[in-house]
Amino acid sequence: MESWRPGRKVFEGPGSRSPILHVVLLVFACGVIETLTQTPPRGSGVPSASLDPSIRPQDDLFHHANAQWQRAVPLPDDRVSYSASVELVDLVEHRIRAIVDDLVAQPASRRGPEARQIVDLYRSIADPAPVERLGLAPVRADLDRIHGIEDAGDLAAVAGYLSSVAAGGPFEAVVGMTEGVAPAPVVRVEPGGTLLPDRAYYLSAEPAMVEIRADYARYLARLFVAAGAHDADAAIDARAVVDLEIRLAAAQWPGAGSPASGGQPLAVTVSRLDRDFPGFDWRAWARPQGLDRAASLVLAQPSFFRAFAKTMAATPIRTTRAWLLGRFLTAMASYLPRAFADARFEFFGTRLTGQVAPRPHWKRGVSLVSEFLGDAVGRRYVARHFPASSRARVEAIVSQVLAASREAVRDAAWMPPATKTASVRRLSTIATRIGYPERWREYSGFEVRPDDLVGNIRRARAFENQNQMARHRESRDPRGWLITAQTVNAYYSPAPHEVVLPAGILQPPYFDPDADEAVNFGAIGAVVGHEVGHVIDVTAFQGAAATLVRQFNAFEALPGVPVNGALTLAENLSDLSGLAIAHLAYRRSLQGRQAPVVDGLTGDQRFFLGWARMWRSQSRAAFVRYTIGTSPHAPPQFRANGPLSHVDAFYEAFGVVPGDRLYRAPDDRVRLWGRPARVTQSPTPSVVTTGVTVHDRVR
């Protein structure tokens with residue numbers, strides 16, 4: 001079977017969906033280069049008041065550029081972390097709210113079908129009164145379905161149904177694309193069945209983890225009581241569910257895909273699942289999702305699914321019934337009365353991440369319409385907030401980054417000739433999507449009612465599931481992009497071989513239309529360069545890997561909480577590669593001219609400050625602990641400062657010398673591009689990827 005990879009996201013953040021267009025960017029178009037070189041004078045994009053003079057850039061560029069922002073911008077109560085990207089998410093949410101408010105203000109007779117869908121979906125969640133009044137009535141049929149489970153066949157069928165409506169099914173199904181001459185969608189099934197962040201929460205004997213498991217059992221019991229169970233029965237069932245999830249967690253392994261972590265991904269038919277993974281009725285599970293019609297499924301970690309089936313067969317039906325009930329109520333809690341929403345927030349929000357307050361209803365409404373009517377909202381967002389001039393400038397920056405990356409590969413003395421040729425070929429054919437898709441998705445067939453929140457959620461998820469399965473059955477994706485135009489994110493998708501930069505992220509500090517281009521190369525240029533690093537696969541060079549693993553292992557996210565250099569290696573390498581490529585592209589864009597000094601800053605100083613400013617962030621300690629063992633991204637301050645110590649131009653820009661905290665001896669610097677590197681090629685490159693899910697994670 002051809003290799004498979006899902007879409008890759010640069011920043012963790014709002015979710016994603018899918019599609020794929022095949023257009024090749026012509027990077028040497030003269031008009032594009034003129035956009036960069038013939039522009040009126042602009043500001044630096046780095047206000048002097050934003051810099052902290054008490055912190056030397058040679059010691060800590062991240063805090064030199066961002067400490068003032070950290071002091072001025074409090075961490076909102078409804079956030080567990082706040083960063084440049086989350087700040088933009090808030091801005092986008094306010095803009096979408098204005099769009100929705102304008103539609104609400106229109107006479108109903110003037111609203112077209114799409115506008116009516118937006119207004120009705122927003123109204124169904126923005127007012128909590130009907131939710132309280134209806135109680136559990138909207139989900140009674142689903143509760144009856146779960147309570148009616150009597151045997152293994154019922155269990156599998158209900159689990160499959162809950163997966164089909166993204167309401168607590170045990171696994172994530174990921175629609176990805178094969179790479180090869182004729183890319184095609186495949187369905188990849190990921191291990192699951194647990195709600196806590198990772199297996200350490202279940203298996204660790206540390207007192208803090210033991211107490212979290214006890215609190216998790218209390219949370220489940222609270223849900224069961226709110227759903228009508230007696231206190232004693234709820235407590236018994238909750239403890240049994242936690243014990244079941246401990247067994248499932250023991251079958252999960254980190255780093256899925258290696259032989260030591262459960263085996264290589266395995267393509268199987270549903271019939272083979274029933275034959276070779278006995279104990280669970282796989283066909284009954286697959287049928288509600290339409291997966292029984294798939295030619296094959298790819299199991300991300302075969303050993304887990306074999307253990308899962310055996311565990312299900314050995315577990316009493318009462319326990320597996322309670323297990324699915326807990327997953328369902330957790331998945332739906334935000335759309336149910338406050339007893340459920342509060343329980344979920346107090347455990348998964350406050351207890352696990354330190355979040356102080358839940359999100360207000362209007363933000364939940366904006367998120368809902370942006371998730372389920374994303375292109376309908378995105379079309380209106382782009383018309384208001386993303387001018388053609390911004391698109392043209394970003395296209396020009398991307399063109400320079402891709403051209404610089406090809407030149408860097410050609411000049412890389414350590415890269416074998418065949419690898420150079422293949423890399424240049426791939427870089428020459430990569431497509432870029434800037435701002436918004438060429439074709440917007442339609443939502444005819446999605447029924448929305450203003451007084452039926454749960455029904456809207458159920459119909460929206462079924463509509464999305466049908467769309468995802470259409471991807472599997474067709475040779476191309478029927479939608480435009482993996483994410484919406486208003487999403488504050490970016491990604492590279494290997495199978496269609498494209499980089500996507502939505503309008504949502506093309507705002508300061510990632511892209512500033514009023515700033516000199518240096519700061520934009522340091523920010524959005526480095527974002528594109530990061531993705532180019534994935535195209536070239538810089539993870540193949542083990543000398544660089546060893547250096548970066550040691551460097552990041554030495555960082556502490558919190559006192560006594562180290563960064564995992566191995567877990568974050570792929571992203572750290574791409575950060576370093578992206579920064580170096582972006583700087584080469586910036587120098588290339590100057591066409592031999594001296595960069596002007598703007599607001600007292602040289603071109604290179606503006607470039608590196610643009611890099612540092614886009615990483616501005618602050619997080620609650622509990623959230624850092626929550627993510628440090630599972631996220632492939634290092635904390636932002638280390639993503640900002642870590643690569644700088646390897647880039648010679650940073651030393652020149654700020655006069656970094658021995659004794660400065662960011663100084664690294666020349667022989668200890670990893671130079672992927674710009675001059676011969678000291679690294680050696682690995683025969684078995686390994687890439688950490690992130691997927692695009694068909695269904696929402698329960699947690």
# chains A, B, ... in the order shown; residues from 1 in each chain; ligands from 1
call {"tool": "closest_atom_pairs", "arguments": {"of": "range 84-147 of chain A", "to": "range 159-173 of chain A", "cutoff": "10 Å", "atoms": "only C-alpha atoms", "output": "CSV"}}
result
residue,atom,partner,partner_atom,distance
A:Asp142,CA,A:Leu162,CA,8.7
A:Arg145,CA,A:Tyr161,CA,9.7
A:Ile146,CA,A:Ala159,CA,8.9
call {"tool": "select_by_dssp", "arguments": {"residues": "range 408-503 of chain A", "states": "helix (DSSP H, G or I)", "output": "PyMOL selection string"}}
result
chain A and resi 408-411+417-429+453-473+503
call {"tool": "closest_residue", "arguments": {"among": "A:Tyr491, A:Phe608, A:Trp323, A:Trp615", "to": "Pro509 in chain A", "atoms": "only C-alpha atoms"}}
result
A:Trp615
call {"tool": "closest_residue", "arguments": {"among": "A:Gly365, A:Gly326, A:Pro494, A:Gly525", "to": "Ser399 in chain A", "atoms": "only C-alpha atoms"}}
result
A:Gly525
call {"tool": "residues_around", "arguments": {"residues": "range 87-91 of chain A", "least_positions_apart": "2", "cutoff": "9 Å", "atoms": "only C-alpha atoms", "output": "PyMOL selection string"}}
result
chain A and resi 14+82-85+93-96+363+486-488+504-505+507-508
call {"tool": "write_last_selection", "arguments": {"atoms": "C-alpha atoms", "output": "PDB file, in the first residue's frame"}}
result
ATOM      1  CA  PRO A  14      -8.663  25.369  16.301  1.00  0.00           C
ATOM      2  CA  TYR A  82      -2.846  33.033  25.633  1.00  0.00           C
ATOM      3  CA  SER A  83      -0.587  33.648  22.683  1.00  0.00           C
ATOM      4  CA  ALA A  84      -0.328  35.591  19.468  1.00  0.00           C
ATOM      5  CA  SER A  85      -2.453  32.952  17.756  1.00  0.00           C
ATOM      6  CA  GLU A  93     -14.349  35.655  17.008  1.00  0.00           C
ATOM      7  CA  HIS A  94     -15.340  39.291  17.553  1.00  0.00           C
ATOM      8  CA  ARG A  95     -15.327  39.854  13.806  1.00  0.00           C
ATOM      9  CA  ILE A  96     -17.494  36.810  13.195  1.00  0.00           C
ATOM     10  CA  LYS A 363     -18.153  32.690  21.856  1.00  0.00           C
ATOM     11  CA  GLN A 486     -10.918  32.366   9.141  1.00  0.00           C
ATOM     12  CA  THR A 487      -8.849  29.754  11.011  1.00  0.00           C
ATOM     13  CA  VAL A 488      -5.747  31.023  12.791  1.00  0.00           C
ATOM     14  CA  GLY A 504      -7.132  34.140   9.779  1.00  0.00           C
ATOM     15  CA  ILE A 505      -3.393  33.849  10.399  1.00  0.00           C
ATOM     16  CA  GLN A 507      -2.594  39.369  10.495  1.00  0.00           C
ATOM     17  CA  PRO A 508      -0.030  40.922  12.865  1.00  0.00           C
TER      18      PRO A 508
END
call {"tool": "closest_atom_pairs", "arguments": {"of": "range 554-637 of chain A", "to": "range 41-58 of chain A", "cutoff": "10 Å", "atoms": "only C-alpha atoms", "output": "JSON lines"}}
result
{"residue": "A:Pro596", "atom": "CA", "partner": "A:Pro41", "partner_atom": "CA", "distance": 9.7}
{"residue": "A:Val597", "atom": "CA", "partner": "A:Ser44", "partner_atom": "CA", "distance": 8.7}
{"residue": "A:Val598", "atom": "CA", "partner": "A:Ser44", "partner_atom": "CA", "distance": 5.5}
{"residue": "A:Asp599", "atom": "CA", "partner": "A:Ser44", "partner_atom": "CA", "distance": 6.0}
{"residue": "A:Gly600", "atom": "CA", "partner": "A:Ser48", "partner_atom": "CA", "distance": 8.7}
{"residue": "A:Leu601", "atom": "CA", "partner": "A:Ser44", "partner_atom": "CA", "distance": 7.6}
{"residue": "A:Thr602", "atom": "CA", "partner": "A:Ser44", "partner_atom": "CA", "distance": 9.3}
{"residue": "A:Gly603", "atom": "CA", "partner": "A:Ser44", "partner_atom": "CA", "distance": 8.8}
{"residue": "A:Gln605", "atom": "CA", "partner": "A:Pro57", "partner_atom": "CA", "distance": 9.9}
{"residue": "A:Arg606", "atom": "CA", "partner": "A:Ser44", "partner_atom": "CA", "distance": 6.8}
{"residue": "A:Phe607", "atom": "CA", "partner": "A:Ser44", "partner_atom": "CA", "distance": 9.6}
{"residue": "A:Phe608", "atom": "CA", "partner": "A:Pro57", "partner_atom": "CA", "distance": 9.9}
{"residue": "A:Leu609", "atom": "CA", "partner": "A:Val46", "partner_atom": "CA", "distance": 7.4}
{"residue": "A:Gly610", "atom": "CA", "partner": "A:Val46", "partner_atom": "CA", "distance": 7.5}
{"residue": "A:Arg613", "atom": "CA", "partner": "A:Val46", "partner_atom": "CA", "distance": 8.6}
call {"tool": "write_last_selection", "arguments": {"atoms": "N, CA, C and O atoms", "output": "compact mmCIF listing (two decimals), in the first residue's frame"}}
result
# COMPACT_ATOMS: atom_id res chain seq x y z
N PRO A 596 17.14 49.12 4.64
CA PRO A 596 17.10 50.39 5.36
C PRO A 596 16.98 50.18 6.87
O PRO A 596 16.52 49.14 7.33
N VAL A 597 17.42 51.17 7.62
CA VAL A 597 17.17 51.20 9.05
C VAL A 597 15.82 51.86 9.26
O VAL A 597 15.58 52.98 8.79
N VAL A 598 14.91 51.19 9.94
CA VAL A 598 13.56 51.69 10.17
C VAL A 598 13.28 51.68 11.66
O VAL A 598 13.48 50.66 12.32
N ASP A 599 12.84 52.81 12.19
CA ASP A 599 12.58 52.94 13.62
C ASP A 599 13.80 52.54 14.45
O ASP A 599 13.68 51.93 15.53
N GLY A 600 14.98 52.82 13.92
CA GLY A 600 16.21 52.53 14.65
C GLY A 600 16.65 51.09 14.59
O GLY A 600 17.62 50.72 15.27
N LEU A 601 16.01 50.27 13.79
CA LEU A 601 16.33 48.85 13.71
C LEU A 601 16.81 48.50 12.32
O LEU A 601 16.23 48.92 11.31
N THR A 602 17.87 47.70 12.24
CA THR A 602 18.35 47.21 10.95
C THR A 602 17.38 46.17 10.40
O THR A 602 16.51 45.66 11.12
N GLY A 603 17.57 45.84 9.12
CA GLY A 603 16.69 44.84 8.51
C GLY A 603 16.76 43.51 9.23
O GLY A 603 15.73 42.88 9.52
N GLN A 605 17.68 42.92 12.32
CA GLN A 605 17.08 43.04 13.66
C GLN A 605 15.56 42.95 13.57
O GLN A 605 14.92 42.27 14.38
N ARG A 606 14.98 43.63 12.58
CA ARG A 606 13.52 43.55 12.40
C ARG A 606 13.10 42.12 12.06
O ARG A 606 12.07 41.63 12.54
N PHE A 607 13.90 41.45 11.24
CA PHE A 607 13.59 40.06 10.87
C PHE A 607 13.51 39.18 12.11
O PHE A 607 12.51 38.46 12.32
N PHE A 608 14.54 39.23 12.96
CA PHE A 608 14.56 38.34 14.12
C PHE A 608 13.54 38.75 15.18
O PHE A 608 13.00 37.89 15.89
N LEU A 609 13.26 40.04 15.29
CA LEU A 609 12.20 40.46 16.21
C LEU A 609 10.83 40.02 15.70
O LEU A 609 9.95 39.66 16.49
N GLY A 610 10.65 40.01 14.39
CA GLY A 610 9.41 39.47 13.83
C GLY A 610 9.23 38.01 14.19
O GLY A 610 8.13 37.55 14.52
N ARG A 613 8.43 37.84 18.07
CA ARG A 613 7.12 38.39 18.45
C ARG A 613 5.97 37.43 18.13
O ARG A 613 4.95 37.44 18.81
call {"tool": "residues_around", "arguments": {"residues": "Phe340 in chain A", "least_positions_apart": "3", "cutoff": "9 Å", "atoms": "only C-alpha atoms", "output": "ChimeraX atom specification"}}
result
/A:222-223,226-227,329-330,332-337,343-345
call {"tool": "write_last_selection", "arguments": {"atoms": "N, CA, C and O atoms", "output": "mmCIF file, in the first residue's frame"}}
result
data_model
loop_
_atom_site.group_PDB
_atom_site.id
_atom_site.type_symbol
_atom_site.label_atom_id
_atom_site.label_comp_id
_atom_site.auth_asym_id
_atom_site.auth_seq_id
_atom_site.Cartn_x
_atom_site.Cartn_y
_atom_site.Cartn_z
ATOM 1 N N ARG A 222 -20.612 11.861 38.998
ATOM 2 C CA ARG A 222 -21.443 13.072 38.957
ATOM 3 C C ARG A 222 -22.291 13.107 37.682
ATOM 4 O O ARG A 222 -23.481 13.468 37.720
ATOM 5 N N LEU A 223 -21.697 12.720 36.553
ATOM 6 C CA LEU A 223 -22.469 12.652 35.311
ATOM 7 C C LEU A 223 -23.580 11.618 35.408
ATOM 8 O O LEU A 223 -24.731 11.863 34.982
ATOM 9 N N ALA A 226 -26.433 12.871 37.477
ATOM 10 C CA ALA A 226 -27.185 13.892 36.752
ATOM 11 C C ALA A 226 -28.066 13.274 35.676
ATOM 12 O O ALA A 226 -29.121 13.823 35.328
ATOM 13 N N ALA A 227 -27.660 12.100 35.184
ATOM 14 C CA ALA A 227 -28.446 11.414 34.161
ATOM 15 C C ALA A 227 -29.494 10.483 34.754
ATOM 16 O O ALA A 227 -30.209 9.815 33.999
ATOM 17 N N LEU A 329 -21.876 11.407 27.498
ATOM 18 C CA LEU A 329 -22.231 12.588 28.287
ATOM 19 C C LEU A 329 -21.103 13.613 28.287
ATOM 20 O O LEU A 329 -21.357 14.828 28.309
ATOM 21 N N THR A 330 -19.857 13.151 28.266
ATOM 22 C CA THR A 330 -18.741 14.082 28.181
ATOM 23 C C THR A 330 -18.735 14.801 26.833
ATOM 24 O O THR A 330 -18.531 16.018 26.761
ATOM 25 N N MET A 332 -21.223 15.405 24.898
ATOM 26 C CA MET A 332 -22.400 16.261 24.705
ATOM 27 C C MET A 332 -22.597 17.275 25.823
ATOM 28 O O MET A 332 -23.530 18.085 25.767
ATOM 29 N N ALA A 333 -21.748 17.266 26.835
ATOM 30 C CA ALA A 333 -21.980 18.085 28.028
ATOM 31 C C ALA A 333 -22.163 19.567 27.710
ATOM 32 O O ALA A 333 -22.971 20.256 28.341
ATOM 33 N N SER A 334 -21.428 20.083 26.742
ATOM 34 C CA SER A 334 -21.508 21.510 26.422
ATOM 35 C C SER A 334 -22.854 21.894 25.832
ATOM 36 O O SER A 334 -23.183 23.088 25.779
ATOM 37 N N TYR A 335 -23.639 20.925 25.397
ATOM 38 C CA TYR A 335 -24.930 21.198 24.775
ATOM 39 C C TYR A 335 -26.091 20.744 25.650
ATOM 40 O O TYR A 335 -27.241 20.752 25.218
ATOM 41 N N LEU A 336 -25.776 20.343 26.885
ATOM 42 C CA LEU A 336 -26.779 19.856 27.829
ATOM 43 C C LEU A 336 -26.932 20.855 28.970
ATOM 44 O O LEU A 336 -26.207 21.852 29.046
ATOM 45 N N PRO A 337 -27.887 20.633 29.886
ATOM 46 C CA PRO A 337 -28.076 21.555 31.010
ATOM 47 C C PRO A 337 -26.803 21.761 31.820
ATOM 48 O O PRO A 337 -25.842 20.980 31.749
ATOM 49 N N ALA A 343 -19.978 20.185 35.296
ATOM 50 C CA ALA A 343 -19.150 19.047 35.707
ATOM 51 C C ALA A 343 -17.966 18.872 34.769
ATOM 52 O O ALA A 343 -16.820 18.682 35.206
ATOM 53 N N ARG A 344 -18.231 18.944 33.477
ATOM 54 C CA ARG A 344 -17.131 18.794 32.510
ATOM 55 C C ARG A 344 -16.114 19.911 32.662
ATOM 56 O O ARG A 344 -14.904 19.671 32.674
ATOM 57 N N PHE A 345 -16.580 21.153 32.769
ATOM 58 C CA PHE A 345 -15.649 22.269 32.882
ATOM 59 C C PHE A 345 -14.812 22.164 34.157
ATOM 60 O O PHE A 345 -13.592 22.384 34.131
#
call {"tool": "atom_distance", "arguments": {"atom1": "CA of Val499 in chain A", "atom2": "CA of Ala422 in chain A"}}
result
18.2 Å
call {"tool": "closest_residue", "arguments": {"among": "A:Tyr202, A:Phe277, A:Trp481, A:Phe386", "to": "Glu245 in chain A", "atoms": "only C-alpha atoms"}}
result
A:Tyr202
call {"tool": "residues_around", "arguments": {"residues": "Arg406 in chain A", "least_positions_apart": "3", "cutoff": "9 Å", "atoms": "only C-alpha atoms", "output": "PyMOL selection string"}}
result
chain A and resi 401-403+409-411+420+423-425+427-428
call {"tool": "write_last_selection", "arguments": {"atoms": "N, CA and C atoms", "output": "compact mmCIF listing (two decimals), in the first residue's frame"}}
result
# COMPACT_ATOMS: atom_id res chain seq x y z
N VAL A 401 10.52 32.49 -0.39
CA VAL A 401 10.90 31.40 0.51
C VAL A 401 11.13 30.11 -0.27
N LEU A 402 10.24 29.82 -1.21
CA LEU A 402 10.40 28.59 -1.99
C LEU A 402 11.64 28.67 -2.88
N ALA A 403 11.88 29.83 -3.49
CA ALA A 403 13.08 29.98 -4.32
C ALA A 403 14.34 29.83 -3.47
N VAL A 409 19.01 23.98 -0.97
CA VAL A 409 19.20 22.55 -1.21
C VAL A 409 20.32 22.32 -2.22
N ARG A 410 20.33 23.11 -3.29
CA ARG A 410 21.39 22.94 -4.30
C ARG A 410 22.77 23.20 -3.70
N ASP A 411 22.85 24.11 -2.72
CA ASP A 411 24.14 24.48 -2.13
C ASP A 411 24.54 23.61 -0.94
N LYS A 420 19.26 15.74 -3.47
CA LYS A 420 19.11 17.13 -3.92
C LYS A 420 18.12 17.22 -5.07
N SER A 423 14.57 16.61 -3.91
CA SER A 423 14.07 17.69 -3.07
C SER A 423 13.74 18.93 -3.90
N VAL A 424 14.64 19.26 -4.84
CA VAL A 424 14.37 20.43 -5.69
C VAL A 424 13.12 20.19 -6.53
N ARG A 425 12.95 18.96 -7.00
CA ARG A 425 11.76 18.65 -7.79
C ARG A 425 10.49 18.85 -6.95
N LEU A 427 10.15 20.74 -4.28
CA LEU A 427 9.98 22.16 -3.97
C LEU A 427 9.51 22.95 -5.17
N SER A 428 9.79 22.46 -6.37
CA SER A 428 9.38 23.16 -7.58
C SER A 428 7.91 22.93 -7.91
call {"tool": "atom_distance", "arguments": {"atom1": "CA of Leu590 in chain A", "atom2": "CA of Ser405 in chain A"}}
result
16.0 Å
call {"tool": "residues_around", "arguments": {"residues": "Arg364 in chain A", "least_positions_apart": "5", "cutoff": "10 Å", "atoms": "only C-alpha atoms", "output": "mmCIF file with C-alpha atoms, in the first residue's frame"}}
result
data_model
loop_
_atom_site.group_PDB
_atom_site.id
_atom_site.type_symbol
_atom_site.label_atom_id
_atom_site.label_comp_id
_atom_site.auth_asym_id
_atom_site.auth_seq_id
_atom_site.Cartn_x
_atom_site.Cartn_y
_atom_site.Cartn_z
ATOM 1 C CA GLU A 93 -14.349 35.655 17.008
ATOM 2 C CA TYR A 122 -26.005 30.724 16.382
ATOM 3 C CA ILE A 125 -26.602 27.892 21.406
ATOM 4 C CA ALA A 126 -26.313 31.590 22.296
ATOM 5 C CA SER A 334 -21.508 21.510 26.422
ATOM 6 C CA PRO A 358 -15.903 28.687 30.886
ATOM 7 C CA ARG A 359 -16.257 30.400 27.548
ATOM 8 C CA VAL A 369 -21.136 28.446 13.240
ATOM 9 C CA SER A 370 -17.463 28.692 12.292
#
call {"tool": "closest_residue", "arguments": {"among": "A:Leu558, A:Ala585, A:Leu501, A:Val139", "to": "Gly522 in chain A", "atoms": "only C-alpha atoms"}}
result
A:Ala585
call {"tool": "atom_distance", "arguments": {"atom1": "CA of Ala392 in chain A", "atom2": "CA of Val86 in chain A"}}
result
25.1 Å
call {"tool": "closest_atom_pairs", "arguments": {"of": "range 68-153 of chain A", "to": "range 439-443 of chain A", "cutoff": "10 Å", "atoms": "only C-alpha atoms", "output": "Markdown table"}}
result
| residue | atom | partner | partner_atom | distance |
| --- | --- | --- | --- | --- |
| A:Pro113 | CA | A:Tyr443 | CA | 9.1 |
| A:Glu114 | CA | A:Tyr443 | CA | 7.4 |
| A:Gln117 | CA | A:Tyr443 | CA | 8.8 |
call {"tool": "write_last_selection", "arguments": {"atoms": "N, CA, C and O atoms", "output": "CSV table (one decimal), in the first residue's frame"}}
result
chain,number,residue,atom,x,y,z
A,113,PRO,N,-30.7,31.3,2.1
A,113,PRO,CA,-30.6,30.0,2.8
A,113,PRO,C,-29.4,29.9,3.7
A,113,PRO,O,-29.4,29.5,4.8
A,114,GLU,N,-28.2,30.3,3.2
A,114,GLU,CA,-27.0,30.2,4.0
A,114,GLU,C,-27.0,31.2,5.2
A,114,GLU,O,-26.6,30.8,6.3
A,117,GLN,N,-29.1,29.7,7.8
A,117,GLN,CA,-28.4,28.6,8.6
A,117,GLN,C,-27.5,29.2,9.6
A,117,GLN,O,-27.5,28.7,10.8
call {"tool": "closest_residue", "arguments": {"among": "A:Leu297, A:Ala580, A:Ala240, A:Ala621", "to": "Phe650 in chain A", "atoms": "only C-alpha atoms"}}
result
A:Ala580
call {"tool": "decode", "arguments": {"residues": "range 357-380 of chain A", "atoms": "N, CA and C atoms", "output": "compact mmCIF listing (two decimals), in the first residue's frame"}}
result
# COMPACT_ATOMS: atom_id res chain seq x y z
N ALA A 357 -12.65 30.18 34.10
CA ALA A 357 -14.05 30.39 33.74
C ALA A 357 -14.34 29.73 32.40
N PRO A 358 -15.55 29.25 32.20
CA PRO A 358 -15.90 28.69 30.89
C PRO A 358 -16.07 29.79 29.86
N ARG A 359 -16.09 29.42 28.62
CA ARG A 359 -16.26 30.40 27.55
C ARG A 359 -17.68 30.93 27.56
N PRO A 360 -17.87 32.23 27.31
CA PRO A 360 -19.23 32.78 27.28
C PRO A 360 -20.03 32.19 26.12
N HIS A 361 -21.36 32.26 26.26
CA HIS A 361 -22.21 31.62 25.26
C HIS A 361 -22.03 32.21 23.86
N TRP A 362 -21.79 33.51 23.77
CA TRP A 362 -21.66 34.08 22.42
C TRP A 362 -20.42 33.52 21.71
N LYS A 363 -19.34 33.28 22.47
CA LYS A 363 -18.15 32.69 21.86
C LYS A 363 -18.42 31.25 21.44
N ARG A 364 -19.18 30.55 22.25
CA ARG A 364 -19.53 29.19 21.87
C ARG A 364 -20.38 29.20 20.60
N GLY A 365 -21.25 30.21 20.48
CA GLY A 365 -22.06 30.34 19.27
C GLY A 365 -21.22 30.62 18.05
N VAL A 366 -20.25 31.52 18.19
CA VAL A 366 -19.36 31.84 17.08
C VAL A 366 -18.56 30.61 16.68
N SER A 367 -18.04 29.87 17.67
CA SER A 367 -17.27 28.66 17.37
C SER A 367 -18.12 27.64 16.63
N LEU A 368 -19.39 27.54 17.04
CA LEU A 368 -20.28 26.56 16.43
C LEU A 368 -20.52 26.87 14.95
N VAL A 369 -20.86 28.12 14.64
CA VAL A 369 -21.14 28.45 13.24
C VAL A 369 -19.85 28.39 12.42
N SER A 370 -18.72 28.73 13.03
CA SER A 370 -17.46 28.69 12.29
C SER A 370 -17.02 27.26 12.03
N GLU A 371 -17.39 26.34 12.93
CA GLU A 371 -17.03 24.94 12.74
C GLU A 371 -17.92 24.26 11.72
N PHE A 372 -19.22 24.42 11.85
CA PHE A 372 -20.14 23.64 11.03
C PHE A 372 -20.63 24.37 9.78
N LEU A 373 -20.43 25.68 9.71
CA LEU A 373 -20.76 26.46 8.51
C LEU A 373 -19.54 27.29 8.12
N GLY A 374 -18.38 26.65 8.19
CA GLY A 374 -17.12 27.37 8.09
C GLY A 374 -16.94 28.17 6.83
N ASP A 375 -17.26 27.62 5.68
CA ASP A 375 -17.06 28.36 4.44
C ASP A 375 -18.13 29.43 4.24
N ALA A 376 -19.32 29.20 4.77
CA ALA A 376 -20.35 30.24 4.70
C ALA A 376 -19.92 31.47 5.48
N VAL A 377 -19.32 31.25 6.64
CA VAL A 377 -18.79 32.35 7.44
C VAL A 377 -17.52 32.90 6.79
N GLY A 378 -16.65 32.01 6.32
CA GLY A 378 -15.38 32.43 5.75
C GLY A 378 -15.52 33.32 4.55
N ARG A 379 -16.48 33.06 3.70
CA ARG A 379 -16.71 33.90 2.53
C ARG A 379 -16.99 35.34 2.95
N ARG A 380 -17.79 35.49 3.98
CA ARG A 380 -18.12 36.83 4.48
C ARG A 380 -16.94 37.46 5.21
